[in-house]
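These notes concern the structure reproduced below.
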Amino acid sequence: MTSDRQWEVLPSDAREALERLRLRPMLMADGRVSGVHISSHMGQSLEFAELKGYAFGDDPRGIDWKVLARTDKVYVRRFHDETNMAAWLILDASASMNQPMPDTKFRYGASVLAALSYVLLRQRDEVGLVLAHSRHPEICPVRSSPSHLGELCQMLVDARPSGPTVLRSALETAAAGMAKRGLVVVASDMLTAEWEATVGALGAIVARGGVSVLAHVLSVEELTFPFSGNLVFRSAETGESALLDARGLRRQYLKAISDFKAAVAQACLKVGVIYKAIDTTQAAHNQAAGIIHAVDFRHFKEA
Amino acid sequence: MAFESSAFLWALPIALVPLIMHFYMRSKAPSVQFDAMMFLVLEGGSTATIRWTQAIMLAVRTLLIAVIIIIFARPYVVRPAVVGAQGPVSLVVVLDDSLSMRLGSAGFTPWDHATAKAMDMLSELNPESEVVVVASGYPVRSWPPVGEVWTPQKARRHILKMTATMARGDLGQATKIGLERVRLLGPRQRRMFIASDFRSSDLVGMPDPEEFHGVTVNSFDALFHIVPENRAIISAVAVPDRTVSTNRVKVAVELLNGSLEPFDDVLTVRIGLASIARRVECPPGQVCAYEFVMEANERFGEVRIPSDELPEDDVRWFSARSRNSVLIVNGAPRRQAEEDEEFFLRKALQLKIADSPVYTLSRVYPDDMSPVHLAAADIVILANVGGFRPAQIQALADFVARGGGVLISAGDNFDKITDESWNALLPSLPVERLFVSSPRYIISGQDLEQSSSLNMLQEIGRLLDDVDISWLSFLGVGWPQGSSVLIQTDASLPLLVERRIGSGAVLLWLSTLDRDWTDFPLRPAYAPFVRWAVSHLQSFMAALGRSSITVNDARRVSLTTTRADVVTPGGEIITFKSSGEFTQTSVPGVYLINYYEGSGAEPTGSDVFLVNTDSSESFLARPNEIPFADTEEVAPVDPLPEKKVPWHPWLLGVALLLFIAEAWLRGRV
């Protein structure tokens, strides 16, 4: 069931800006229908793959006549097939993502993932969504129909983040549902003691031939610590609170958060996960474009 | 616990201010949802750690304020009286460290017993007692300086370092000083501990019993188990025996036999290389006198008997140089010898008269006279001298004070004296020259100590009748004590004046001793008068033994040269670059003074002085009753009274620790 609220996470101007973007990660897709990604099978695309000696049963339309004329040997021209891919978008729905009000990190991450799903569905890729909840992951299975975008957006709009971070189980869920090679994008603040395990799980997907992206969503407050005076700091995720002198802690905090970001980025680099720090002061579709650019850049870099 | 300013305790609720402020701020402080709290706590910490740290810090702040308030309230505890414990006292320890305390017996001396007893007593005192130590050996000393006190422990350490001196003792003076010091100490029980051998001579000058009012006196007889036996040389004086030769002296020795046995042993007298050893006898408890006639080829000699338990007084040094050396300082030399004052003086002193001494004469001009010349002279005649430097005058005054004699004759130069330095020698400075015509002379020296000398002067006075004196120098008024007129004119004008200075004397002839103002040199009375004057001045030396002082007396070193070195019997050299007092005479013996000019290494002259023990220390006789002897045991002292023990110094330390802890905790949250 959909409503107009679904487009709160993907407004029309964002869709308009994303219309011409293509996300083509460097992987051999195992799609079921034709798409924009190179398939692991030979097919009818325009992209030349190889010359093969003619064998019984080969289509005679594929014989390369120019080679036959020059060498008196019969070769068949083979081309890559083009297919679609499966992409899993995972959003951290823990309580820590529910800040700062009203434009929360969760809402921002949802917009980024909605923008990515829009791009992916437009190129006929299959897109699935997992909301990493404390109770159990909410899953929207992969589909490639254009109407699937609405379902995804509705699900993102309806979600209410709460509880501790459980990204690892969400990733395991996604990996189990993703029998073929594909793309996994995780949007999270990684404010959990198990962040290294999460990065490790993403690395496992890369090892299987897939592409993993970590969209690290941190709020401006978390990055700049603009507080001063005595404040009671409360953690929504753990319930802890403490009366602290913000001004006295600022320098220590900024160093710690900077070290944390660097550590996460370093861990991602080590296992081949694409790390993208999300700037929440920019429009979400621009950050989505940034992720697409990072994936493509990786594509070119590895090519 | 009690408080001196308990009103401050009303401020104790202020200590709750940190708690109230914390909870108030916590309730009023804005709340922020912030999930990156893991980066707000220190490494390894948690919010629970923060809460605990904050709780501890609050407790520390509360305690800190409470402690500061309590410090202002000045807390104290009352220490109750302790039965049997001794309270602090104010104590003066008077220790006799004079020579007699060195009397040895079975390896121990009275000094050992006295100090051991003092140490025992100090060790039993309450550590808060105030202690002053007084030593009775000359000069009497006390420690610490007035205005300070020592603890018993510090007094013990000081006494451990002390040794008995070789000086005479002055127990009376030491006791008086002890009484003054004990009354300056705190208002506690005042006590005085006197440890001495309590010889009869020690008790001379002791304070009267009523002067001890308010002071508990304990004494310790340091000689109580030592037999007081001692043999000593108590006097040795060399008197010129001029009848035979100029160098011959008669050495008069007095031996004290303070033992219970007769003395029958060898007595040795030595002057330079010449020595006489004679077996002498002296009954017990007697002082025996002996005479030895011998050649004096050295400036000093020594008398010695075999050592006994007090060896320091078994040897005595004496001045042995024949005392007939006359130095004429010629203040107005003339070309014509028969007009020169020195000419007439030489004629008078070089007369060959039976049974009369032969004088050795030497002459020096005023500018050249130095202590080197004085060291070689016994009598100095200042013949019309007026131009001495102050240092020379002071050297002459020191020379006289040590037993030397100076004869001064007036004249043109003498009349011009205006330098105040001369007051060290003269009764007064000359003010004018008076014309007198054929006066008559009156012998007025009634206070001459030596009756023979007075008789001789009266004989000479009769010969003066035909002497015509035209001019007299007249002295100003205000003569110091010790000045007297020996001869005056019938108009009561002084003609011959004597001034005693120290052990010597100055004779002042207020006319000339040449023919300028008088025809005296041509008259028969001249030679007898000059010889009488020299002989009279010599008599002071013979009686007192010039150049001999007792242990710890000061000896003045007069300098007109660049420097002087005093060489002690132990070989130590003390250098003087200006005139001053030499006080390091703690060891008896011969002290040599070498005078140097410029940076020269060879002395230009030398002098000696002798340091002997005081003979009174050799007499060990004791009175029948020792003072304070019945209080030898330490008198009981007051029990330890109740005492307020303040706590605020400790609390200040606690406050400091809390302050440091608070600063440390503040850095953790």
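Ordered as shown in the structure tokens, chains take letters A, B, and onward, while each chain numbers its residues from 1 and ligands are numbered from 1 in the order shown.
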
Can you check which parts of chain A lie within 6 Å of chain B? Per residue, the shortest pair of atoms and distance in Å to one decimal, counting only C-alpha atoms, sorted by chain and number, as a tab-separated table.
residue	atom	partner	partner_atom	distance
A:Ser96	CA	B:Asp35	CA	5.6
A:Leu231	CA	B:Ala29	CA	5.2
A:Val232	CA	B:Ser31	CA	4.6
A:Phe233	CA	B:Val32	CA	4.9
A:Arg234	CA	B:Gln33	CA	4.8
A:Ser235	CA	B:Asp35	CA	4.5
A:Tyr253	CA	B:Phe39	CA	5.6
A:Ala256	CA	B:Phe39	CA	5.7

Those same residues - C-alpha atoms - I'd like them written as a compact mmCIF listing (two decimals), in the first residue's frame.
# COMPACT_ATOMS: atom_id res chain seq x y z
CA SER A 96 21.46 6.25 17.44
CA LEU A 231 25.12 19.58 29.50
CA VAL A 232 23.49 16.28 30.27
CA PHE A 233 24.44 14.00 27.40
CA ARG A 234 22.04 11.08 26.84
CA SER A 235 22.57 8.11 24.60
CA TYR A 253 36.20 14.47 21.59
CA ALA A 256 38.53 10.75 19.16

Can you check which residues of segment 549-631 of chain B DSSP gives as strand (DSSP E) on the backbone and send them as an mmCIF file with C-alpha atoms, in the first residue's frame?
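Writing done, so here's selection-v6.cif:
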data_model
loop_
_atom_site.group_PDB
_atom_site.id
_atom_site.type_symbol
_atom_site.label_atom_id
_atom_site.label_comp_id
_atom_site.auth_asym_id
_atom_site.auth_seq_id
_atom_site.Cartn_x
_atom_site.Cartn_y
_atom_site.Cartn_z
ATOM 1 C CA ILE B 549 100.443 35.495 79.827
ATOM 2 C CA THR B 550 98.107 32.726 80.907
ATOM 3 C CA ARG B 555 98.222 39.148 73.319
ATOM 4 C CA ARG B 556 98.270 42.320 71.258
ATOM 5 C CA VAL B 557 100.305 42.149 68.075
ATOM 6 C CA ARG B 563 102.761 41.748 58.202
ATOM 7 C CA ALA B 564 103.516 39.491 61.120
ATOM 8 C CA ASP B 565 103.173 35.740 61.556
ATOM 9 C CA VAL B 566 102.422 34.246 64.941
ATOM 10 C CA VAL B 567 103.713 30.687 65.198
ATOM 11 C CA ILE B 573 100.801 30.061 61.655
ATOM 12 C CA ILE B 574 98.387 32.961 62.031
ATOM 13 C CA THR B 575 99.106 35.973 59.853
ATOM 14 C CA PHE B 576 98.395 39.563 60.900
ATOM 15 C CA GLY B 580 95.236 43.237 66.443
ATOM 16 C CA GLU B 581 94.603 40.871 69.328
ATOM 17 C CA PHE B 582 95.936 37.330 69.155
ATOM 18 C CA GLY B 589 104.141 27.168 75.410
ATOM 19 C CA VAL B 590 106.321 29.535 73.429
ATOM 20 C CA TYR B 591 104.688 31.641 70.727
ATOM 21 C CA LEU B 592 106.973 33.244 68.152
ATOM 22 C CA ILE B 593 106.120 36.456 66.300
ATOM 23 C CA ASN B 594 107.981 36.971 63.014
ATOM 24 C CA TYR B 595 107.791 40.417 61.430
ATOM 25 C CA TYR B 596 108.045 40.757 57.645
ATOM 26 C CA GLY B 605 112.704 40.763 63.232
ATOM 27 C CA SER B 606 111.048 38.534 65.761
ATOM 28 C CA ASP B 607 109.626 38.482 69.245
ATOM 29 C CA VAL B 608 108.386 35.774 71.544
ATOM 30 C CA PHE B 609 105.730 35.621 74.164
ATOM 31 C CA LEU B 610 105.045 32.845 76.615
ATOM 32 C CA VAL B 611 101.766 31.279 77.607
ATOM 33 C CA ASN B 612 101.578 29.418 80.919
#

List as an MDAnalysis selection string the protein and nucleic acid residues near segment 143-160 of chain A, meaning an atom at most 9 Å away when only C-alpha atoms are counted, but skip any in the same chain fewer than 2 places from it. chainID A and resid 1:10 84 86 91 93:95 98 106:107 110:111 114 117:118 120:129 131 138 140:141 162

Do you know which residues are at most 6 Å from Val385 of chain B counting only C-alpha atoms, after dropping those on the same chain fewer than 6 positions away, and could you put them as a list in words?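 Counting only C-alpha atoms, the residues come to Gly331, Asn413 and Phe414 of chain B.
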
Write out as a ChimeraX atom specification which residues come within 9 Å of Arg250 of chain A when counting only C-alpha atoms, dropping same-chain ones fewer than 5 positions away. /A:224-228,245,255 /B:40

How about saving the chosen residues, C-alpha atoms kept, as a JSON list (two decimals), in the first residue's frame?
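File written: selection_30.json
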[["chain", "number", "residue", "atom", "x", "y", "z"],
["A", 224, "THR", "CA", 31.86, 19.35, 15.03],
["A", 225, "PHE", "CA", 30.68, 19.03, 18.67],
["A", 226, "PRO", "CA", 29.22, 22.55, 18.81],
["A", 227, "PHE", "CA", 28.22, 22.30, 22.49],
["A", 228, "SER", "CA", 29.41, 24.41, 25.39],
["A", 245, "ASP", "CA", 31.51, 20.12, 30.76],
["A", 255, "LYS", "CA", 40.32, 13.96, 18.17],
["B", 40, "LEU", "CA", 33.39, 11.59, 25.56]]

May I have all residues of segment 349-508 of chain B that DSSP, computed from the backbone, assigns to helix (DSSP H, G or I), given as number ranges by chain? B: 349, 366-368, 371-375, 390-401, 412-415, 420-424, 451-466

For the selection just defined, write its residues with C-alpha atoms to a file, as a PDB file, in the first residue's frame.
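What follows is the written file result.pdb:
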ATOM      1  CA  LEU B 349     123.941  54.720  81.900  1.00  0.00           C
ATOM      2  CA  PRO B 366     111.799  58.195  65.679  1.00  0.00           C
ATOM      3  CA  ASP B 367     110.871  57.416  62.065  1.00  0.00           C
ATOM      4  CA  ASP B 368     112.659  54.065  62.169  1.00  0.00           C
ATOM      5  CA  PRO B 371     108.026  46.633  67.194  1.00  0.00           C
ATOM      6  CA  VAL B 372     111.196  44.802  66.193  1.00  0.00           C
ATOM      7  CA  HIS B 373     113.226  47.345  68.149  1.00  0.00           C
ATOM      8  CA  LEU B 374     110.770  47.147  71.014  1.00  0.00           C
ATOM      9  CA  ALA B 375     110.984  43.355  71.061  1.00  0.00           C
ATOM     10  CA  PRO B 390      99.889  56.579  65.666  1.00  0.00           C
ATOM     11  CA  ALA B 391     100.914  52.963  65.005  1.00  0.00           C
ATOM     12  CA  GLN B 392     104.254  53.569  66.705  1.00  0.00           C
ATOM     13  CA  ILE B 393     102.544  55.125  69.716  1.00  0.00           C
ATOM     14  CA  GLN B 394     100.179  52.164  69.954  1.00  0.00           C
ATOM     15  CA  ALA B 395     103.089  49.739  69.695  1.00  0.00           C
ATOM     16  CA  LEU B 396     104.785  51.586  72.579  1.00  0.00           C
ATOM     17  CA  ALA B 397     101.581  51.458  74.633  1.00  0.00           C
ATOM     18  CA  ASP B 398     101.367  47.694  74.024  1.00  0.00           C
ATOM     19  CA  PHE B 399     105.028  47.396  74.970  1.00  0.00           C
ATOM     20  CA  VAL B 400     104.346  49.109  78.277  1.00  0.00           C
ATOM     21  CA  ALA B 401     101.162  47.124  78.901  1.00  0.00           C
ATOM     22  CA  ASP B 412     111.015  71.491  71.832  1.00  0.00           C
ATOM     23  CA  ASN B 413     109.640  68.523  69.877  1.00  0.00           C
ATOM     24  CA  PHE B 414     107.675  67.206  72.821  1.00  0.00           C
ATOM     25  CA  ASP B 415     106.030  70.607  73.247  1.00  0.00           C
ATOM     26  CA  GLU B 420      95.553  62.540  70.391  1.00  0.00           C
ATOM     27  CA  SER B 421      97.205  59.135  69.905  1.00  0.00           C
ATOM     28  CA  TRP B 422      99.760  60.186  72.520  1.00  0.00           C
ATOM     29  CA  ASN B 423      97.029  59.898  75.143  1.00  0.00           C
ATOM     30  CA  ALA B 424      97.745  56.160  75.055  1.00  0.00           C
ATOM     31  CA  SER B 451     109.775  51.255  99.286  1.00  0.00           C
ATOM     32  CA  SER B 452     113.416  50.833  98.260  1.00  0.00           C
ATOM     33  CA  SER B 453     112.666  52.727  95.073  1.00  0.00           C
ATOM     34  CA  LEU B 454     111.046  55.533  97.091  1.00  0.00           C
ATOM     35  CA  ASN B 455     113.993  55.721  99.419  1.00  0.00           C
ATOM     36  CA  MET B 456     116.353  55.989  96.519  1.00  0.00           C
ATOM     37  CA  LEU B 457     114.268  58.746  94.919  1.00  0.00           C
ATOM     38  CA  GLN B 458     114.290  60.724  98.141  1.00  0.00           C
ATOM     39  CA  GLU B 459     118.076  60.413  98.217  1.00  0.00           C
ATOM     40  CA  ILE B 460     118.223  61.730  94.686  1.00  0.00           C
ATOM     41  CA  GLY B 461     115.778  64.479  95.580  1.00  0.00           C
ATOM     42  CA  ARG B 462     118.245  65.917  98.028  1.00  0.00           C
ATOM     43  CA  LEU B 463     120.815  66.183  95.250  1.00  0.00           C
ATOM     44  CA  LEU B 464     118.304  68.018  93.044  1.00  0.00           C
ATOM     45  CA  ASP B 465     118.511  71.134  95.166  1.00  0.00           C
ATOM     46  CA  ASP B 466     121.383  72.608  93.177  1.00  0.00           C
TER      47      ASP B 466
END

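Among the candidates A:Leu167, A:Ile38, A:Ala246, A:Val186, the residue lying nearest to Ile291 of chain A is A:Val186 (atoms considered: only C-alpha atoms).
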
Closest to Arg622 of chain B among B:Ala66, B:Val78, B:Ile20, B:Val204, using only C-alpha atoms?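 Ranked by minimum distance to Arg622 of chain B, first place goes to B:Val204.
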
Write out as a PDB file with all heavy atoms, in the first residue's frame which residues come within 10 Å of Glu148 of chain B when counting only C-alpha atoms, dropping same-chain ones fewer than 6 positions away.
ATOM      1  N   GLU B 130      63.968  23.100  77.591  1.00  0.00           N
ATOM      2  CA  GLU B 130      64.880  24.091  77.003  1.00  0.00           C
ATOM      3  C   GLU B 130      66.198  24.012  77.764  1.00  0.00           C
ATOM      4  O   GLU B 130      66.200  24.008  78.997  1.00  0.00           O
ATOM      5  CB  GLU B 130      64.293  25.497  77.136  1.00  0.00           C
ATOM      6  CG  GLU B 130      62.981  25.668  76.393  1.00  0.00           C
ATOM      7  CD  GLU B 130      62.355  27.026  76.656  1.00  0.00           C
ATOM      8  OE1 GLU B 130      62.718  27.655  77.675  1.00  0.00           O
ATOM      9  OE2 GLU B 130      61.506  27.442  75.857  1.00  0.00           O
ATOM     10  N   VAL B 131      67.288  23.963  77.022  1.00  0.00           N
ATOM     11  CA  VAL B 131      68.585  23.740  77.663  1.00  0.00           C
ATOM     12  C   VAL B 131      69.587  24.797  77.190  1.00  0.00           C
ATOM     13  O   VAL B 131      69.603  25.156  76.010  1.00  0.00           O
ATOM     14  CB  VAL B 131      69.139  22.324  77.348  1.00  0.00           C
ATOM     15  CG1 VAL B 131      70.460  22.093  78.055  1.00  0.00           C
ATOM     16  CG2 VAL B 131      68.139  21.262  77.760  1.00  0.00           C
ATOM     17  N   VAL B 132      70.386  25.272  78.138  1.00  0.00           N
ATOM     18  CA  VAL B 132      71.505  26.169  77.833  1.00  0.00           C
ATOM     19  C   VAL B 132      72.744  25.562  78.491  1.00  0.00           C
ATOM     20  O   VAL B 132      72.652  25.033  79.597  1.00  0.00           O
ATOM     21  CB  VAL B 132      71.235  27.594  78.383  1.00  0.00           C
ATOM     22  CG1 VAL B 132      72.483  28.447  78.320  1.00  0.00           C
ATOM     23  CG2 VAL B 132      70.111  28.255  77.611  1.00  0.00           C
ATOM     24  N   LEU B 184      65.914  33.814  81.773  1.00  0.00           N
ATOM     25  CA  LEU B 184      65.422  34.279  80.472  1.00  0.00           C
ATOM     26  C   LEU B 184      64.636  33.180  79.751  1.00  0.00           C
ATOM     27  O   LEU B 184      63.994  33.432  78.733  1.00  0.00           O
ATOM     28  CB  LEU B 184      66.601  34.694  79.577  1.00  0.00           C
ATOM     29  CG  LEU B 184      67.347  35.958  79.995  1.00  0.00           C
ATOM     30  CD1 LEU B 184      68.564  36.168  79.100  1.00  0.00           C
ATOM     31  CD2 LEU B 184      66.430  37.166  79.910  1.00  0.00           C
ATOM     32  N   LEU B 185      64.719  31.942  80.266  1.00  0.00           N
ATOM     33  CA  LEU B 185      64.035  30.831  79.606  1.00  0.00           C
ATOM     34  C   LEU B 185      62.552  30.852  79.953  1.00  0.00           C
ATOM     35  O   LEU B 185      62.079  31.696  80.716  1.00  0.00           O
ATOM     36  CB  LEU B 185      64.664  29.494  80.002  1.00  0.00           C
ATOM     37  CG  LEU B 185      66.139  29.341  79.618  1.00  0.00           C
ATOM     38  CD1 LEU B 185      66.682  28.001  80.071  1.00  0.00           C
ATOM     39  CD2 LEU B 185      66.307  29.474  78.107  1.00  0.00           C
TER      40      LEU B 185
END

Mind giving me the straight-line distance from atom CA of Pro494 of chain B to atom CA of Arg389 of chain B in Å, one decimal?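 That distance, rounded to one decimal, is 26.5 Å.
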
Atom CA of Ile353 of chain B and atom CA of Leu510 of chain B, how far apart in Å?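 Interatomic distance here is 27.2 Å.
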